[in-house]
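The file start-v8.txt comes next; it holds compact mmCIF, N, CA and C atoms.
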# COMPACT_ATOMS: atom_id res chain seq x y z
N MET U 9 -16.39 -22.70 -11.95
CA MET U 9 -16.80 -23.56 -10.86
C MET U 9 -16.96 -22.73 -9.59
N THR U 10 -18.03 -22.93 -8.88
CA THR U 10 -18.31 -22.20 -7.65
C THR U 10 -18.10 -23.12 -6.46
N ALA U 11 -17.29 -22.69 -5.51
CA ALA U 11 -17.07 -23.46 -4.29
C ALA U 11 -18.19 -23.14 -3.31
N THR U 12 -18.39 -24.01 -2.34
CA THR U 12 -19.39 -23.75 -1.31
C THR U 12 -18.77 -23.89 0.07
N THR U 13 -19.25 -23.08 0.98
CA THR U 13 -18.84 -23.14 2.38
C THR U 13 -20.11 -23.06 3.21
N SER U 14 -20.33 -24.03 4.07
CA SER U 14 -21.51 -24.07 4.92
C SER U 14 -22.79 -23.91 4.11
N GLY U 15 -22.80 -24.47 2.91
CA GLY U 15 -23.99 -24.41 2.08
C GLY U 15 -24.17 -23.12 1.31
N HIS U 16 -23.24 -22.17 1.45
CA HIS U 16 -23.33 -20.90 0.73
C HIS U 16 -22.32 -20.89 -0.42
N ALA U 17 -22.73 -20.33 -1.54
CA ALA U 17 -21.81 -20.20 -2.67
C ALA U 17 -20.71 -19.21 -2.33
N VAL U 18 -19.48 -19.55 -2.71
CA VAL U 18 -18.34 -18.68 -2.47
C VAL U 18 -17.79 -18.23 -3.82
N GLU U 19 -17.79 -16.93 -4.04
CA GLU U 19 -17.27 -16.35 -5.27
C GLU U 19 -16.08 -15.46 -4.92
N PRO U 20 -15.04 -15.45 -5.73
CA PRO U 20 -13.93 -14.54 -5.47
C PRO U 20 -14.41 -13.09 -5.50
N LEU U 21 -13.80 -12.26 -4.68
CA LEU U 21 -14.16 -10.86 -4.59
C LEU U 21 -13.91 -10.11 -5.90
N LYS U 22 -12.76 -10.34 -6.51
CA LYS U 22 -12.35 -9.69 -7.76
C LYS U 22 -12.29 -8.17 -7.65
N LYS U 23 -11.81 -7.68 -6.52
CA LYS U 23 -11.61 -6.24 -6.30
C LYS U 23 -10.23 -5.88 -6.81
N HIS U 24 -10.12 -4.78 -7.56
CA HIS U 24 -8.84 -4.39 -8.15
C HIS U 24 -8.18 -3.26 -7.35
N PHE U 25 -6.90 -3.45 -7.12
CA PHE U 25 -6.03 -2.43 -6.53
C PHE U 25 -4.78 -2.36 -7.41
N PHE U 26 -3.94 -1.41 -7.11
CA PHE U 26 -2.64 -1.33 -7.79
C PHE U 26 -1.56 -1.36 -6.72
N VAL U 27 -0.55 -2.19 -6.96
CA VAL U 27 0.57 -2.34 -6.04
C VAL U 27 1.75 -1.59 -6.63
N ILE U 28 2.32 -0.71 -5.84
CA ILE U 28 3.50 0.05 -6.25
C ILE U 28 4.69 -0.53 -5.49
N PHE U 29 5.60 -1.16 -6.20
CA PHE U 29 6.82 -1.68 -5.60
C PHE U 29 7.87 -0.58 -5.68
N SER U 30 8.43 -0.22 -4.55
CA SER U 30 9.39 0.88 -4.46
C SER U 30 10.75 0.30 -4.10
N GLU U 31 11.72 0.46 -4.99
CA GLU U 31 13.05 -0.14 -4.83
C GLU U 31 14.13 0.93 -4.73
N ALA U 32 15.29 0.54 -4.23
CA ALA U 32 16.43 1.46 -4.14
C ALA U 32 16.70 2.08 -5.50
N GLY U 33 16.92 3.38 -5.52
CA GLY U 33 17.15 4.11 -6.76
C GLY U 33 18.61 4.49 -6.94
N ALA U 34 18.85 5.38 -7.88
CA ALA U 34 20.21 5.81 -8.23
C ALA U 34 20.83 6.69 -7.14
N ARG U 35 19.99 7.33 -6.31
CA ARG U 35 20.50 8.23 -5.26
C ARG U 35 19.97 7.83 -3.88
N PRO U 36 20.36 6.66 -3.38
CA PRO U 36 19.84 6.20 -2.08
C PRO U 36 20.22 7.13 -0.93
N GLU U 37 21.28 7.92 -1.11
CA GLU U 37 21.69 8.84 -0.04
C GLU U 37 20.63 9.93 0.19
N GLU U 38 19.72 10.12 -0.77
CA GLU U 38 18.64 11.10 -0.64
C GLU U 38 17.51 10.62 0.27
N LEU U 39 17.45 9.32 0.54
CA LEU U 39 16.33 8.74 1.27
C LEU U 39 16.07 9.39 2.63
N PRO U 40 17.06 9.50 3.53
CA PRO U 40 16.77 10.06 4.85
C PRO U 40 16.19 11.48 4.80
N ALA U 41 16.69 12.30 3.90
CA ALA U 41 16.20 13.68 3.82
C ALA U 41 14.77 13.75 3.30
N GLN U 42 14.34 12.72 2.56
CA GLN U 42 13.00 12.71 1.97
C GLN U 42 11.93 12.09 2.85
N VAL U 43 12.31 11.48 3.96
CA VAL U 43 11.34 10.76 4.80
C VAL U 43 10.19 11.66 5.25
N PRO U 44 10.43 12.86 5.81
CA PRO U 44 9.28 13.68 6.24
C PRO U 44 8.32 14.01 5.10
N ALA U 45 8.84 14.40 3.94
CA ALA U 45 7.98 14.73 2.81
C ALA U 45 7.24 13.49 2.30
N HIS U 46 7.92 12.34 2.30
CA HIS U 46 7.30 11.08 1.89
C HIS U 46 6.12 10.75 2.80
N LEU U 47 6.33 10.85 4.11
CA LEU U 47 5.26 10.54 5.07
C LEU U 47 4.09 11.51 4.92
N GLU U 48 4.38 12.76 4.68
CA GLU U 48 3.33 13.76 4.47
C GLU U 48 2.54 13.45 3.20
N TYR U 49 3.25 13.07 2.14
CA TYR U 49 2.60 12.72 0.88
C TYR U 49 1.67 11.53 1.07
N LEU U 50 2.14 10.49 1.77
CA LEU U 50 1.32 9.30 1.99
C LEU U 50 0.12 9.62 2.87
N ALA U 51 0.30 10.48 3.87
CA ALA U 51 -0.83 10.88 4.72
C ALA U 51 -1.89 11.58 3.88
N GLY U 52 -1.48 12.39 2.92
CA GLY U 52 -2.42 13.04 2.03
C GLY U 52 -3.19 12.04 1.17
N LEU U 53 -2.49 11.03 0.65
CA LEU U 53 -3.16 9.99 -0.13
C LEU U 53 -4.15 9.22 0.75
N GLU U 54 -3.74 8.98 1.99
CA GLU U 54 -4.61 8.26 2.93
C GLU U 54 -5.88 9.07 3.19
N LYS U 55 -5.75 10.35 3.45
CA LYS U 55 -6.90 11.21 3.74
C LYS U 55 -7.85 11.30 2.54
N ARG U 56 -7.32 11.20 1.33
CA ARG U 56 -8.14 11.23 0.12
C ARG U 56 -8.79 9.88 -0.18
N GLY U 57 -8.44 8.84 0.60
CA GLY U 57 -9.01 7.52 0.37
C GLY U 57 -8.33 6.75 -0.74
N VAL U 58 -7.17 7.22 -1.18
CA VAL U 58 -6.43 6.59 -2.27
C VAL U 58 -5.52 5.49 -1.76
N LEU U 59 -4.85 5.73 -0.63
CA LEU U 59 -3.88 4.77 -0.09
C LEU U 59 -4.59 3.73 0.76
N PHE U 60 -4.44 2.47 0.39
CA PHE U 60 -5.01 1.37 1.17
C PHE U 60 -4.04 0.94 2.26
N MET U 61 -2.81 0.62 1.88
CA MET U 61 -1.78 0.22 2.85
C MET U 61 -0.42 0.52 2.25
N SER U 62 0.56 0.75 3.12
CA SER U 62 1.93 0.95 2.64
C SER U 62 2.90 0.63 3.76
N GLY U 63 4.14 0.42 3.37
CA GLY U 63 5.18 0.20 4.36
C GLY U 63 6.42 -0.41 3.74
N PRO U 64 7.50 -0.40 4.51
CA PRO U 64 8.77 -0.95 4.01
C PRO U 64 8.82 -2.47 4.15
N PHE U 65 9.65 -3.09 3.33
CA PHE U 65 10.01 -4.48 3.55
C PHE U 65 11.10 -4.49 4.60
N LEU U 66 11.12 -5.52 5.44
CA LEU U 66 12.08 -5.60 6.53
C LEU U 66 13.27 -6.48 6.13
N ASP U 67 14.44 -6.11 6.66
CA ASP U 67 15.62 -6.93 6.39
C ASP U 67 15.66 -8.09 7.38
N ALA U 68 16.71 -8.89 7.33
CA ALA U 68 16.83 -10.09 8.17
C ALA U 68 16.80 -9.77 9.66
N SER U 69 17.23 -8.56 10.04
CA SER U 69 17.23 -8.20 11.46
C SER U 69 15.90 -7.62 11.91
N GLY U 70 14.96 -7.43 10.97
CA GLY U 70 13.67 -6.87 11.31
C GLY U 70 13.60 -5.36 11.15
N ASP U 71 14.67 -4.75 10.65
CA ASP U 71 14.69 -3.31 10.42
C ASP U 71 14.20 -3.00 9.01
N PRO U 72 13.64 -1.79 8.81
CA PRO U 72 13.21 -1.42 7.45
C PRO U 72 14.39 -1.45 6.49
N GLY U 73 14.18 -2.07 5.35
CA GLY U 73 15.21 -2.13 4.31
C GLY U 73 15.03 -1.00 3.31
N PRO U 74 15.73 -1.08 2.18
CA PRO U 74 15.71 0.00 1.20
C PRO U 74 14.52 -0.03 0.24
N SER U 75 13.59 -0.96 0.42
CA SER U 75 12.46 -1.04 -0.50
C SER U 75 11.15 -1.15 0.28
N GLY U 76 10.06 -0.90 -0.42
CA GLY U 76 8.76 -0.95 0.22
C GLY U 76 7.66 -1.20 -0.79
N MET U 77 6.42 -1.11 -0.31
CA MET U 77 5.27 -1.39 -1.15
C MET U 77 4.11 -0.50 -0.73
N LEU U 78 3.35 -0.03 -1.71
CA LEU U 78 2.13 0.72 -1.47
C LEU U 78 1.02 0.04 -2.23
N ILE U 79 -0.15 -0.03 -1.65
CA ILE U 79 -1.33 -0.53 -2.34
C ILE U 79 -2.29 0.65 -2.44
N VAL U 80 -2.68 0.99 -3.67
CA VAL U 80 -3.51 2.17 -3.89
C VAL U 80 -4.77 1.82 -4.67
N ARG U 81 -5.77 2.67 -4.46
CA ARG U 81 -7.00 2.60 -5.25
C ARG U 81 -6.84 3.59 -6.40
N ALA U 82 -6.91 3.11 -7.62
CA ALA U 82 -6.76 3.97 -8.79
C ALA U 82 -7.60 3.41 -9.91
N ALA U 83 -7.95 4.26 -10.87
CA ALA U 83 -8.78 3.85 -12.00
C ALA U 83 -7.97 3.11 -13.07
N SER U 84 -6.65 3.30 -13.05
CA SER U 84 -5.81 2.67 -14.09
C SER U 84 -4.37 2.57 -13.59
N ALA U 85 -3.58 1.79 -14.32
CA ALA U 85 -2.15 1.69 -14.00
C ALA U 85 -1.48 3.04 -14.20
N GLU U 86 -1.93 3.80 -15.18
CA GLU U 86 -1.35 5.13 -15.44
C GLU U 86 -1.60 6.06 -14.25
N GLU U 87 -2.82 6.02 -13.71
CA GLU U 87 -3.12 6.85 -12.54
C GLU U 87 -2.27 6.42 -11.35
N ALA U 88 -2.11 5.12 -11.14
CA ALA U 88 -1.27 4.61 -10.05
C ALA U 88 0.18 5.04 -10.25
N ALA U 89 0.65 5.02 -11.49
CA ALA U 89 2.03 5.46 -11.78
C ALA U 89 2.19 6.95 -11.49
N ASP U 90 1.17 7.74 -11.80
CA ASP U 90 1.22 9.16 -11.48
C ASP U 90 1.30 9.38 -9.98
N LEU U 91 0.54 8.59 -9.21
CA LEU U 91 0.60 8.69 -7.75
C LEU U 91 2.00 8.34 -7.26
N ALA U 92 2.57 7.27 -7.81
CA ALA U 92 3.92 6.85 -7.41
C ALA U 92 4.95 7.91 -7.78
N ALA U 93 4.80 8.49 -8.96
CA ALA U 93 5.76 9.50 -9.42
C ALA U 93 5.73 10.75 -8.54
N GLY U 94 4.61 11.01 -7.89
CA GLY U 94 4.50 12.16 -7.00
C GLY U 94 5.15 11.97 -5.64
N ASP U 95 5.49 10.75 -5.30
CA ASP U 95 6.12 10.46 -4.00
C ASP U 95 7.53 11.06 -3.97
N PRO U 96 7.85 11.84 -2.94
CA PRO U 96 9.19 12.44 -2.84
C PRO U 96 10.33 11.42 -2.93
N PHE U 97 10.14 10.20 -2.46
CA PHE U 97 11.17 9.17 -2.60
C PHE U 97 11.51 8.96 -4.08
N HIS U 98 10.49 8.93 -4.92
CA HIS U 98 10.68 8.67 -6.35
C HIS U 98 11.13 9.92 -7.08
N ARG U 99 10.57 11.07 -6.73
CA ARG U 99 10.96 12.32 -7.39
C ARG U 99 12.43 12.64 -7.16
N SER U 100 12.94 12.29 -5.97
CA SER U 100 14.33 12.60 -5.62
C SER U 100 15.34 11.62 -6.21
N GLY U 101 14.88 10.49 -6.68
CA GLY U 101 15.79 9.46 -7.18
C GLY U 101 16.27 8.51 -6.11
N ALA U 102 15.79 8.69 -4.87
CA ALA U 102 16.18 7.79 -3.79
C ALA U 102 15.63 6.39 -4.02
N ARG U 103 14.48 6.33 -4.69
CA ARG U 103 13.88 5.05 -5.03
C ARG U 103 13.29 5.12 -6.44
N THR U 104 13.14 3.96 -7.04
CA THR U 104 12.42 3.81 -8.31
C THR U 104 11.16 3.01 -8.01
N PHE U 105 10.26 2.90 -8.97
CA PHE U 105 9.03 2.15 -8.72
C PHE U 105 8.58 1.41 -9.96
N ARG U 106 7.73 0.43 -9.70
CA ARG U 106 7.00 -0.24 -10.77
C ARG U 106 5.60 -0.52 -10.24
N VAL U 107 4.63 -0.54 -11.13
CA VAL U 107 3.23 -0.69 -10.77
C VAL U 107 2.70 -2.00 -11.34
N GLU U 108 1.97 -2.73 -10.52
CA GLU U 108 1.30 -3.96 -10.95
C GLU U 108 -0.17 -3.88 -10.52
N GLU U 109 -1.06 -4.30 -11.40
CA GLU U 109 -2.47 -4.39 -11.03
C GLU U 109 -2.68 -5.68 -10.26
N TRP U 110 -3.48 -5.61 -9.19
CA TRP U 110 -3.69 -6.75 -8.29
C TRP U 110 -5.17 -6.98 -8.13
N GLN U 111 -5.61 -8.20 -8.34
CA GLN U 111 -7.01 -8.56 -8.15
C GLN U 111 -7.13 -9.38 -6.87
N VAL U 112 -7.84 -8.84 -5.89
CA VAL U 112 -8.02 -9.52 -4.61
C VAL U 112 -9.19 -10.48 -4.72
N HIS U 113 -8.96 -11.72 -4.32
CA HIS U 113 -10.01 -12.72 -4.33
C HIS U 113 -10.51 -13.03 -2.93
N GLN U 114 -9.60 -13.32 -2.01
CA GLN U 114 -10.00 -13.71 -0.66
C GLN U 114 -9.14 -12.97 0.36
N GLY U 115 -9.59 -13.01 1.60
CA GLY U 115 -8.83 -12.44 2.69
C GLY U 115 -9.75 -11.98 3.81
N ARG U 116 -9.14 -11.45 4.84
CA ARG U 116 -9.93 -10.96 5.97
C ARG U 116 -9.14 -9.86 6.65
N ILE U 117 -9.83 -8.83 7.06
CA ILE U 117 -9.23 -7.76 7.86
C ILE U 117 -10.06 -7.65 9.13
N ASP U 118 -9.42 -7.80 10.26
CA ASP U 118 -10.09 -7.61 11.55
C ASP U 118 -9.60 -6.31 12.15
N LEU U 119 -10.54 -5.46 12.53
CA LEU U 119 -10.20 -4.18 13.13
C LEU U 119 -11.11 -3.96 14.32
N ALA U 120 -10.51 -3.75 15.48
CA ALA U 120 -11.27 -3.41 16.69
C ALA U 120 -10.85 -2.02 17.13
N ILE U 121 -11.83 -1.15 17.36
CA ILE U 121 -11.56 0.21 17.80
C ILE U 121 -12.26 0.42 19.13
N ASP U 122 -11.49 0.79 20.15
CA ASP U 122 -12.05 1.13 21.46
C ASP U 122 -12.12 2.64 21.55
N LEU U 123 -13.33 3.17 21.47
CA LEU U 123 -13.52 4.62 21.43
C LEU U 123 -13.11 5.31 22.72
N SER U 124 -13.35 4.64 23.85
CA SER U 124 -13.09 5.29 25.15
C SER U 124 -11.64 5.70 25.33
N ASP U 125 -10.72 4.86 24.91
CA ASP U 125 -9.30 5.20 25.08
C ASP U 125 -8.57 5.41 23.75
N ARG U 126 -9.35 5.42 22.66
CA ARG U 126 -8.81 5.69 21.32
C ARG U 126 -7.68 4.73 20.93
N THR U 127 -7.87 3.47 21.25
CA THR U 127 -6.90 2.46 20.84
C THR U 127 -7.52 1.59 19.76
N TYR U 128 -6.67 0.87 19.05
CA TYR U 128 -7.16 -0.02 18.02
C TYR U 128 -6.29 -1.26 17.98
N LEU U 129 -6.86 -2.28 17.37
CA LEU U 129 -6.15 -3.54 17.13
C LEU U 129 -6.43 -3.93 15.69
N LEU U 130 -5.39 -4.01 14.89
CA LEU U 130 -5.51 -4.45 13.50
C LEU U 130 -4.84 -5.79 13.39
N ARG U 131 -5.61 -6.77 12.90
CA ARG U 131 -5.08 -8.13 12.78
C ARG U 131 -5.29 -8.61 11.39
Could I get this file's structure written as structure tokens?
Amino acid sequence: MTATTSGHAVEPLKKHFFVIFSEAGARPEELPAQVPAHLEYLAGLEKRGVLFMSGPFLDASGDPGPSGMLIVRAASAEEAADLAAGDPFHRSGARTFRVEEWQVHQGRIDLAIDLSDRTYLLR
């Protein structure tokens, strides 16, 4: 069944991503020491166009908790798992991970970039 909006047919996007859920591991004490290498690793994935979005889940006080999520572009769950396994958080045992394939149907991303002062607004 196809829905319509303003007389136009609306079809789900059906774009595939992989979600990496990152949870507290056997050696959580390793986490602080791995943060710089983790951030460098993610920046590399971002520059390669692999990382779509990532970040920690927040606790009740609004502070980053012991788990997080990454959304990556990959050809398969195995490739996404290889990307996750390369993260220093996971290699060190500070966190474990699991991979789920995600099919995006709807949504919106608003991004405004002001070139003159190099600011942006992501909504």
Closest of U:Arg56, U:His16, U:His98, U:Arg103 to Ala32 (chain U), counting all atoms listed in the file, is U:Arg103
Within 10 Å of Gln114 (chain U), counting only C-alpha atoms, which residues show up once you throw out same-chain ones fewer than 4 positions away? Write them as a PDB file with N, CA and C atoms, in the coordinates of the input, please.
ATOM      1  N   VAL U  18     -19.480 -19.550  -2.710  1.00  0.00           N
ATOM      2  CA  VAL U  18     -18.340 -18.680  -2.470  1.00  0.00           C
ATOM      3  C   VAL U  18     -17.790 -18.230  -3.820  1.00  0.00           C
ATOM      4  N   GLU U  19     -17.790 -16.930  -4.040  1.00  0.00           N
ATOM      5  CA  GLU U  19     -17.270 -16.350  -5.270  1.00  0.00           C
ATOM      6  C   GLU U  19     -16.080 -15.460  -4.920  1.00  0.00           C
ATOM      7  N   PRO U  20     -15.040 -15.450  -5.730  1.00  0.00           N
ATOM      8  CA  PRO U  20     -13.930 -14.540  -5.470  1.00  0.00           C
ATOM      9  C   PRO U  20     -14.410 -13.090  -5.500  1.00  0.00           C
ATOM     10  N   LEU U  21     -13.800 -12.260  -4.680  1.00  0.00           N
ATOM     11  CA  LEU U  21     -14.160 -10.860  -4.590  1.00  0.00           C
ATOM     12  C   LEU U  21     -13.910 -10.110  -5.900  1.00  0.00           C
ATOM     13  N   LYS U  22     -12.760 -10.340  -6.510  1.00  0.00           N
ATOM     14  CA  LYS U  22     -12.350  -9.690  -7.760  1.00  0.00           C
ATOM     15  C   LYS U  22     -12.290  -8.170  -7.650  1.00  0.00           C
ATOM     16  N   LYS U  23     -11.810  -7.680  -6.520  1.00  0.00           N
ATOM     17  CA  LYS U  23     -11.610  -6.240  -6.300  1.00  0.00           C
ATOM     18  C   LYS U  23     -10.230  -5.880  -6.810  1.00  0.00           C
TER      19      LYS U  23
END
Among U:Ile79, U:Val58, U:Leu119, U:Leu50, Gly94 (chain U) is approached most closely, using only C-alpha atoms, by U:Leu50
- Item | Members of chain U assigned strand (DSSP E or B) by DSSP, as a VMD selection string | chain U and resid 11 to 13 16 to 18 23 to 32 59 to 66 72 to 80 103 to 112 119 to 122 127 to 130
| field | In chain U, DSSP helix (DSSP H, G or I) residues written as number ranges by chain | value | U: 36-55, 85-93, 96-99
- Message: Using only C-alpha atoms, can you tell me which of U:Leu91, U:Ala102, U:Met61, U:Ala17 comes closest to Ser75 (chain U)?
- Response: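 Smallest distance to Ser75 (chain U) is found for U:Ala102.
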Query raised in the report: Between CA of Pro64 (chain U) and atom C of His113 (chain U), what is the spacing in Å?
Result: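 CA of Pro64 (chain U) lies 23.8 Å from atom C of His113 (chain U).
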>> As an exercise, work out the distance from CA of Leu39 (chain U) to CA of Phe97 (chain U) in Å and give it to one decimal place.
In response: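 About the pair CA of Leu39 (chain U) and CA of Phe97 (chain U): they are 6.5 Å apart.
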#### Entry: Selected residue, from U:Lys55, U:Ser100, U:Val112, U:Leu123, that lies nearest to Phe25 (chain U) when counting only N, CA and C atoms
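Among the listed residues, the smallest separation from Phe25 (chain U) belongs to U:Val112.
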